[in-house]
Amino acid sequence: MRNPDFRRFWFSSILAQFGAQVTLLALPICAVLFLHATPGQMGILAAFESLPFLLFGLPSGVLLERNRRLPIIMCSDFMVAIALATVPAAWWLDMLTIQWLYAVGFVIGAGHVVGGSAEQVFLTFLVGREGLVDAQAKFATTESAARVIGPGLAGGLVHLLGAPVAILCNVASFVISLLNLRRIRTREPQPPPSNSHPLRDIQEGLAFVWNQPLLRTLAWVSACWHLLFYGFSALHVIFATRVLGMTPGTMGMANMLGGLGVLAASLLVKPLSQRFGTGGGILIGLCVSALGFALVPAIPPALFGSAAWTVAAYAIVVFWIDCGATLFFVPYIALRQRVTPDAVLGRMVATMRALTVAAAPLGALLAGALGEGFGVREGLACIAIGAVVLAAGGVFGTRLRDAKA
């Protein structure tokens, strides 16, 4: 916290987290309520958002190894801001279609692939490896604030102004963030030029992850989690609006209350890692999120004859999912950074992101197909079963509980 550049970087992260809450609600609301998207189309939208991880994840590792990361972060944020700005423009011109949202989702995903990997490496440079868990916990704390306040703000903006205008507010937050990032004075050293072929660098990154048993285990566990999460992402807005009868405002309220799960996790992640080890903390997060996924399809419409109880039940479910995700990913990121030398850190981050999110498009498409063919609740029930199986496999089928790094 005594480092002014860390504070600036943290502030931009806060803006991004609050803006993300608006987009996470407003973009699918545009598809569901304005364009009357089907479960299958929502699955395709979620798949387009995650497809860049598969296509660009590995090449981005080479890019990070050969260039400074801060300019990459800024270029990625600028690209996402432009893509988001086209949504209200297309809406005002009566040109907005589901295919347009597919393209916007793809560009947003591409920005997150490159920029997100660069942020993780740049954070390591700013705080050092010994400060990663503490820094990640601070980021999780502000994320919890965004998750508590952001969805209610997003729901209010969508309800009062409409989803396209709400998205425009997120564009403004990107502009402020870019101006703030320009004030960072710390400059990374320019990586030395490399004469090796980019494909060889990609191969070395893959080989490093594959030859590290711990990284290999983290990769398949995280890949399965992303498959389930993107399946949930494809269906949850349709489930909340069409099955449970929630409005954008009540969805925002439920997600706002559910965001307390991130706050709880941000306070618990450090003592849990100290008590059970980093690997044990990862497994606890896996089990907690599995509980949340398992509860989703059990929420009935008008619980106890009252819509308010349904909103409360939905909020409790989001609480467990968000709490589990934070408990899982904070020690997960710290553990993989700690066991990787600087020489391959960028390639490792990009390779892990590519491998772990490679299954996400498949999860989104499968969930969309299940929702289309059998019903949205039944599709979410399949996700719940998969989450329970994954948690059991992580606890009893891996040695993550022994990872104390």
# chains A, B, ... in the order shown; residues from 1 in each chain; ligands from 1

call {"tool": "residues_around", "arguments": {"residues": "Ile202 of chain A", "least_positions_apart": "3", "cutoff": "9 Å", "atoms": "only C-alpha atoms", "output": "list in words"}}
result
Leu58, Pro59, Gly61, Val62, His197, Pro198, Leu199, Gly205, Leu206, Ala207, Arg347 and Thr351 of chain A

call {"tool": "write_last_selection", "arguments": {"atoms": "all heavy atoms", "output": "compact mmCIF listing (two decimals), in the first residue's frame"}}
result
# COMPACT_ATOMS: atom_id res chain seq x y z
N LEU A 58 -2.58 -19.22 -25.96
CA LEU A 58 -1.17 -19.61 -26.09
C LEU A 58 -0.32 -18.54 -26.77
O LEU A 58 0.77 -18.21 -26.28
CB LEU A 58 -1.08 -20.95 -26.83
CG LEU A 58 -1.68 -22.15 -26.08
CD1 LEU A 58 -1.63 -23.40 -26.95
CD2 LEU A 58 -0.94 -22.39 -24.76
N PRO A 59 -0.76 -17.96 -27.90
CA PRO A 59 0.06 -16.89 -28.50
C PRO A 59 0.24 -15.69 -27.58
O PRO A 59 1.27 -15.02 -27.65
CB PRO A 59 -0.74 -16.51 -29.76
CG PRO A 59 -1.54 -17.72 -30.09
CD PRO A 59 -1.89 -18.34 -28.76
N GLY A 61 0.89 -15.70 -24.53
CA GLY A 61 2.03 -15.96 -23.65
C GLY A 61 3.33 -15.49 -24.27
O GLY A 61 4.19 -14.91 -23.60
N VAL A 62 3.49 -15.74 -25.58
CA VAL A 62 4.69 -15.28 -26.28
C VAL A 62 4.72 -13.76 -26.31
O VAL A 62 5.77 -13.13 -26.10
CB VAL A 62 4.71 -15.85 -27.72
CG1 VAL A 62 5.95 -15.35 -28.46
CG2 VAL A 62 4.70 -17.38 -27.67
N HIS A 197 11.54 -19.16 -32.55
CA HIS A 197 10.26 -19.06 -33.25
C HIS A 197 9.13 -19.03 -32.22
O HIS A 197 9.18 -19.73 -31.21
CB HIS A 197 10.09 -20.27 -34.18
CG HIS A 197 8.99 -20.09 -35.18
ND1 HIS A 197 7.67 -20.31 -34.88
CD2 HIS A 197 9.04 -19.69 -36.49
CE1 HIS A 197 6.92 -20.07 -35.95
NE2 HIS A 197 7.73 -19.70 -36.94
N PRO A 198 8.08 -18.22 -32.46
CA PRO A 198 6.97 -18.18 -31.49
C PRO A 198 6.35 -19.54 -31.20
O PRO A 198 5.95 -19.81 -30.06
CB PRO A 198 5.96 -17.25 -32.18
CG PRO A 198 6.79 -16.36 -33.05
CD PRO A 198 7.92 -17.22 -33.52
N LEU A 199 6.29 -20.41 -32.22
CA LEU A 199 5.72 -21.75 -31.99
C LEU A 199 6.58 -22.54 -31.01
O LEU A 199 6.05 -23.34 -30.22
CB LEU A 199 5.57 -22.50 -33.31
CG LEU A 199 4.50 -21.98 -34.27
CD1 LEU A 199 4.48 -22.80 -35.55
CD2 LEU A 199 3.12 -22.02 -33.59
N GLY A 205 6.16 -23.42 -23.30
CA GLY A 205 5.18 -23.12 -22.26
C GLY A 205 4.29 -24.32 -21.95
O GLY A 205 4.03 -24.63 -20.78
N LEU A 206 3.83 -25.00 -22.99
CA LEU A 206 3.02 -26.21 -22.80
C LEU A 206 3.81 -27.29 -22.09
O LEU A 206 3.30 -27.96 -21.18
CB LEU A 206 2.52 -26.73 -24.15
CG LEU A 206 1.38 -25.95 -24.80
CD1 LEU A 206 1.21 -26.39 -26.25
CD2 LEU A 206 0.08 -26.18 -24.02
N ALA A 207 5.07 -27.46 -22.50
CA ALA A 207 5.90 -28.50 -21.89
C ALA A 207 6.16 -28.20 -20.42
O ALA A 207 6.16 -29.11 -19.58
CB ALA A 207 7.22 -28.62 -22.66
N ARG A 347 4.48 -17.04 -20.21
CA ARG A 347 3.99 -18.19 -20.97
C ARG A 347 3.19 -19.14 -20.10
O ARG A 347 2.19 -19.72 -20.54
CB ARG A 347 5.18 -18.93 -21.62
CG ARG A 347 5.66 -18.30 -22.91
CD ARG A 347 6.91 -18.97 -23.43
NE ARG A 347 8.07 -18.62 -22.61
CZ ARG A 347 9.28 -19.14 -22.79
NH1 ARG A 347 9.48 -20.05 -23.71
NH2 ARG A 347 10.28 -18.76 -22.02
N THR A 351 -0.54 -19.99 -20.90
CA THR A 351 -0.81 -21.40 -21.16
C THR A 351 -1.88 -21.93 -20.21
O THR A 351 -2.82 -22.63 -20.65
CB THR A 351 0.47 -22.24 -21.00
OG1 THR A 351 1.45 -21.78 -21.94
CG2 THR A 351 0.19 -23.71 -21.26

call {"tool": "closest_atom_pairs", "arguments": {"of": "segment 239-350 of chain A", "to": "segment 381-396 of chain A", "cutoff": "6 Å", "atoms": "only C-alpha atoms", "output": "Markdown table"}}
result
| residue | atom | partner | partner_atom | distance |
| --- | --- | --- | --- | --- |
| A:Leu286 | CA | A:Ala391 | CA | 5.7 |
| A:Cys287 | CA | A:Ala391 | CA | 5.3 |
| A:Ala290 | CA | A:Ala387 | CA | 4.9 |
| A:Phe293 | CA | A:Ala384 | CA | 4.9 |
| A:Ala294 | CA | A:Ala384 | CA | 4.2 |
| A:Pro297 | CA | A:Ala381 | CA | 5.5 |

call {"tool": "write_last_selection", "arguments": {"atoms": "N, CA and C atoms", "output": "mmCIF file, in the first residue's frame"}}
result
data_model
loop_
_atom_site.group_PDB
_atom_site.id
_atom_site.type_symbol
_atom_site.label_atom_id
_atom_site.label_comp_id
_atom_site.auth_asym_id
_atom_site.auth_seq_id
_atom_site.Cartn_x
_atom_site.Cartn_y
_atom_site.Cartn_z
ATOM 1 N N LEU A 286 -13.431 -25.091 -3.972
ATOM 2 C CA LEU A 286 -14.085 -25.994 -4.922
ATOM 3 C C LEU A 286 -15.362 -26.574 -4.330
ATOM 4 N N CYS A 287 -15.301 -26.981 -3.074
ATOM 5 C CA CYS A 287 -16.473 -27.572 -2.418
ATOM 6 C C CYS A 287 -17.563 -26.535 -2.163
ATOM 7 N N ALA A 290 -19.308 -25.772 -5.372
ATOM 8 C CA ALA A 290 -20.149 -26.911 -5.752
ATOM 9 C C ALA A 290 -21.483 -26.869 -5.018
ATOM 10 N N PHE A 293 -23.651 -24.320 -6.900
ATOM 11 C CA PHE A 293 -24.177 -24.870 -8.146
ATOM 12 C C PHE A 293 -25.286 -25.885 -7.877
ATOM 13 N N ALA A 294 -25.119 -26.682 -6.830
ATOM 14 C CA ALA A 294 -26.103 -27.715 -6.523
ATOM 15 C C ALA A 294 -27.440 -27.126 -6.080
ATOM 16 N N PRO A 297 -30.694 -25.266 -9.223
ATOM 17 C CA PRO A 297 -31.930 -25.808 -9.806
ATOM 18 C C PRO A 297 -33.008 -26.116 -8.781
#

call {"tool": "atom_distance", "arguments": {"atom1": "atom CA of Phe122 of chain A", "atom2": "atom CA of Gly281 of chain A"}}
result
24.2 Å

call {"tool": "closest_residue", "arguments": {"among": "A:Leu295, A:Leu27, A:Ala325, A:Ala313", "to": "Ile98 of chain A", "atoms": "only C-alpha atoms"}}
result
A:Leu27

call {"tool": "select_by_dssp", "arguments": {"residues": "segment 42-193 of chain A", "states": "alpha helix (DSSP H)", "output": "VMD selection string"}}
result
chain A and resid 42 to 66 69 to 92 98 to 127 132 to 161 163 to 181

call {"tool": "closest_residue", "arguments": {"among": "A:Pro71, A:Gly111, A:Gly150, A:Pro271", "to": "Pro52 of chain A", "atoms": "only C-alpha atoms"}}
result
A:Gly111

call {"tool": "closest_residue", "arguments": {"among": "A:Ala31, A:Val148, A:Leu160, A:Leu101", "to": "Ala85 of chain A", "atoms": "only C-alpha atoms"}}
result
A:Leu101

call {"tool": "closest_residue", "arguments": {"among": "A:Phe232, A:Phe174, A:Trp210, A:Trp91", "to": "Arg377 of chain A", "atoms": "only C-alpha atoms"}}
result
A:Phe232
